[in-house]
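S.K.: Please read through the structure below; I'll follow up with questions.
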Amino acid sequence: MKLEKVELRHLSIPLKDPFTTSTETKDHIEHVLVTVFGEGLKGYGECTCNQTPYYMYETTETAWYFLSQFIVPHGVGSEVENIEDLLKNKWYKAVRANHFAKAGLELAVWDLLARAEGKSLS
């Protein structure tokens, strides 16, 4: 299946109640929604990074940057018949770390491939 198009959306979702840790209080979360298009189908994935680097180095903003500047531009037009086709791509392996950014695309491709086979990811 050819990955024809990839859309990124920045989501800001209010929390019902604020969440407090030792470093901050959050009243919303920010994630990146990844939508992959192929053969008339859509697959969805999500980058669930924190907004700040206090817990880990990857943030919503860095995930967006790596997806939009490095991962997605090389991924569009790729042929994938299974998840291994994505993971073994030279351009994909060249991006070091940034596991949350990469996971957003991987999840979307998993979902797209499952929909193509009429299967649930569960």
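Ordering of the structure tokens sets the chain letters (A, B, ...), residue numbers begin anew at 1 in every chain, and ligands are numbered from 1 in the order given.
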Within 9 Å of Ile71 in chain A, counting only C-alpha atoms, which residues qualify if same-chain residues fewer than 6 places away don't, as a VMD selection string?
M.R.: chain A and resid 91 to 92 95 101 to 102 105
S.K.: Excluding Asp85 in chain A and its own-chain neighbours fewer than 3 positions away, which residues fall within 12 Å of it when counting only C-alpha atoms? Please give them as a ChimeraX atom specification.
M.R.: /A:1-3,75,78-82,88-93,106,109-110,113
S.K.: Just the alpha helix (DSSP H) stuff from range 34-94 of chain A, please, per backbone DSSP, written as a PyMOL selection string.
M.R.: chain A and resi 60-66+72-75+83-87+90-94
S.K.: Quick one: of A:Ile29, A:Lys16, A:Leu121, A:Val36, who's nearest to Gly77 in chain A, counting only C-alpha atoms?
M.R.: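 The answer is A:Val36, which sits nearest to Gly77 in chain A.
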S.K.: List every residue of range 41-108 of chain A that DSSP, applied to the backbone, labels as strand (DSSP E), and write the result as an MDAnalysis selection string.
M.R.: chainID A and resid 41:47
S.K.: Ranking A:Lys119, A:His99, A:Pro14, A:Lys5 by minimum distance to Glu58 in chain A and counting only C-alpha atoms, which one comes first?
M.R.: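 Among A:Lys119, A:His99, A:Pro14, A:Lys5, it is A:His99 that comes nearest to Glu58 in chain A.
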S.K.: Kindly indicate which residue among A:Asp111, A:Arg96, A:Thr59, A:Phe66 lies nearest to Lys42 in chain A, using only C-alpha atoms for the distances.
M.R.: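 Once distances to Lys42 in chain A are computed over only C-alpha atoms, the minimum belongs to A:Asp111.
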S.K.: Would you please work out which residue, of A:His31, A:Val6, A:Glu24, A:Leu86, is nearest to Thr60 in chain A when using only C-alpha atoms?
M.R.: A:His31
S.K.: What does the structure give for the distance between CA of Ala97 in chain A and CA of Tyr55 in chain A, in Å to one decimal?
M.R.: 15.7 Å
S.K.: For His28 in chain A, which residue out of A:Leu107, A:Leu41, A:Ala114, A:Ile13 is the nearest one, using only C-alpha atoms?
M.R.: A:Ile13
